[in-house]
file data_28.csv (CSV, C-alpha atoms)
chain,number,residue,atom,x,y,z
M,1,MET,CA,27.7,-23.0,56.1
M,2,THR,CA,25.9,-21.6,53.0
M,3,ASP,CA,23.0,-19.2,53.4
M,4,HIS,CA,20.2,-20.5,51.2
M,5,THR,CA,17.6,-17.9,52.3
M,6,SER,CA,19.0,-15.3,49.9
M,7,SER,CA,18.3,-17.4,46.8
M,8,LEU,CA,14.6,-18.1,47.3
M,9,ASP,CA,12.4,-17.9,44.3
M,10,HIS,CA,9.8,-15.3,45.3
M,11,ARG,CA,7.6,-16.0,42.3
M,12,ARG,CA,6.6,-19.4,43.6
M,13,HIS,CA,4.7,-17.8,46.5
M,14,SER,CA,2.8,-15.3,44.4
M,15,ARG,CA,-0.9,-14.8,45.2
M,16,ALA,CA,-3.7,-15.4,42.8
M,17,PRO,CA,-5.5,-12.3,41.5
M,18,VAL,CA,-8.4,-11.2,43.7
M,19,ALA,CA,-10.8,-11.0,40.8
M,20,GLU,CA,-10.1,-14.6,39.8
M,21,PHE,CA,-10.5,-15.8,43.5
M,22,ARG,CA,-13.9,-14.0,43.7
M,23,LEU,CA,-15.0,-15.5,40.4
M,24,TYR,CA,-14.3,-19.0,41.6
M,25,PHE,CA,-15.8,-18.3,45.0
M,26,GLY,CA,-19.0,-17.1,43.3
M,27,VAL,CA,-19.2,-20.1,41.0
M,28,ILE,CA,-18.6,-22.6,43.8
M,29,PHE,CA,-21.2,-20.8,46.0
M,30,VAL,CA,-23.9,-20.9,43.3
M,31,ALA,CA,-23.1,-24.5,42.6
M,32,ALA,CA,-23.2,-25.5,46.3
M,33,LEU,CA,-26.4,-23.6,47.1
M,34,PRO,CA,-28.9,-26.2,45.7
M,35,PHE,CA,-27.1,-29.1,47.3
M,36,GLU,CA,-26.9,-27.3,50.7
M,37,THR,CA,-30.6,-26.4,50.4
M,38,VAL,CA,-31.5,-30.1,49.9
M,39,GLY,CA,-29.2,-31.1,52.8
M,40,TRP,CA,-30.7,-28.4,55.0
M,41,LEU,CA,-34.3,-29.5,54.2
M,42,ALA,CA,-33.4,-33.2,54.8
M,43,ASP,CA,-31.9,-32.2,58.2
M,44,ALA,CA,-35.0,-30.1,59.1
M,45,VAL,CA,-37.4,-32.8,58.1
M,46,GLY,CA,-35.4,-35.5,59.9
M,47,GLY,CA,-35.3,-33.3,63.0
M,48,ARG,CA,-31.5,-33.5,63.2
M,49,ARG,CA,-30.9,-29.8,63.2
M,50,ALA,CA,-33.2,-27.5,65.0
M,51,GLY,CA,-32.2,-23.9,64.4
M,52,GLY,CA,-28.9,-24.8,62.6
M,53,ALA,CA,-27.2,-22.8,59.9
M,54,GLY,CA,-29.4,-22.1,56.9
M,55,PRO,CA,-28.6,-23.1,53.3
M,56,VAL,CA,-26.9,-19.8,52.4
M,57,ALA,CA,-24.6,-20.0,55.4
M,58,ARG,CA,-23.8,-23.7,54.6
M,59,ALA,CA,-23.1,-22.8,50.9
M,60,LEU,CA,-20.8,-19.9,52.0
M,61,ALA,CA,-18.9,-22.3,54.4
M,62,THR,CA,-18.5,-24.8,51.5
M,63,ALA,CA,-17.2,-22.1,49.2
M,64,ARG,CA,-14.8,-20.9,51.9
M,65,ILE,CA,-13.4,-24.4,52.2
M,66,ILE,CA,-13.2,-25.4,48.5
M,67,THR,CA,-11.9,-22.1,46.9
M,68,PRO,CA,-8.7,-21.8,48.8
M,69,ALA,CA,-8.0,-25.5,48.3
M,70,ILE,CA,-8.2,-24.9,44.5
M,71,PHE,CA,-5.8,-22.0,44.7
M,72,SER,CA,-3.3,-23.8,46.9
M,73,ALA,CA,-2.9,-26.7,44.5

call {"tool": "encode", "arguments": {"input": "data_28.csv", "output": "structure tokens"}}
result
Amino acid sequence: MTDHTSSLDHRRHSRAPVAEFRLYFGVIFVAALPFETVGWLADAVGGRRAGGAGPVARALATARIITPAIFSA
């Protein structure tokens, strides 16, 4: 049986530069903040979320979801 583990291409699994990740994270956070603020206000006015996460926490969560998805593609 042939051992295929010794011929793996290690460049394929390289990580993105941290500065680039932080830049994308910041851009996505700033872009998501107005939308999350509107959503938070709509939830507060509609009485659906009493004491839920604020708009900044919601924008951070959105950026934490979207940014890794961009870099994994």

call {"tool": "atom_distance", "arguments": {"input": "data_28.csv", "atom1": "atom CA of M:Ala69", "atom2": "atom CA of M:Arg22"}}
result
13.7 Å

call {"tool": "residues_around", "arguments": {"input": "data_28.csv", "residues": "stretch 44-60 of chain M", "least_positions_apart": "5", "cutoff": "6 Å", "atoms": "only C-alpha atoms", "output": "PDB file with C-alpha atoms, in the frame of the given file"}}
result
ATOM      1  CA  PHE M  29     -21.200 -20.800  46.000  1.00  0.00           C
ATOM      2  CA  ALA M  32     -23.200 -25.500  46.300  1.00  0.00           C
ATOM      3  CA  LEU M  33     -26.400 -23.600  47.100  1.00  0.00           C
ATOM      4  CA  GLU M  36     -26.900 -27.300  50.700  1.00  0.00           C
ATOM      5  CA  THR M  37     -30.600 -26.400  50.400  1.00  0.00           C
TER       6      THR M  37
END

call {"tool": "atom_distance", "arguments": {"input": "data_28.csv", "atom1": "atom CA of M:Ala61", "atom2": "atom CA of M:Val38"}}
result
15.5 Å

call {"tool": "atom_distance", "arguments": {"input": "data_28.csv", "atom1": "atom CA of M:Ile28", "atom2": "atom CA of M:Ala63"}}
result
5.6 Å
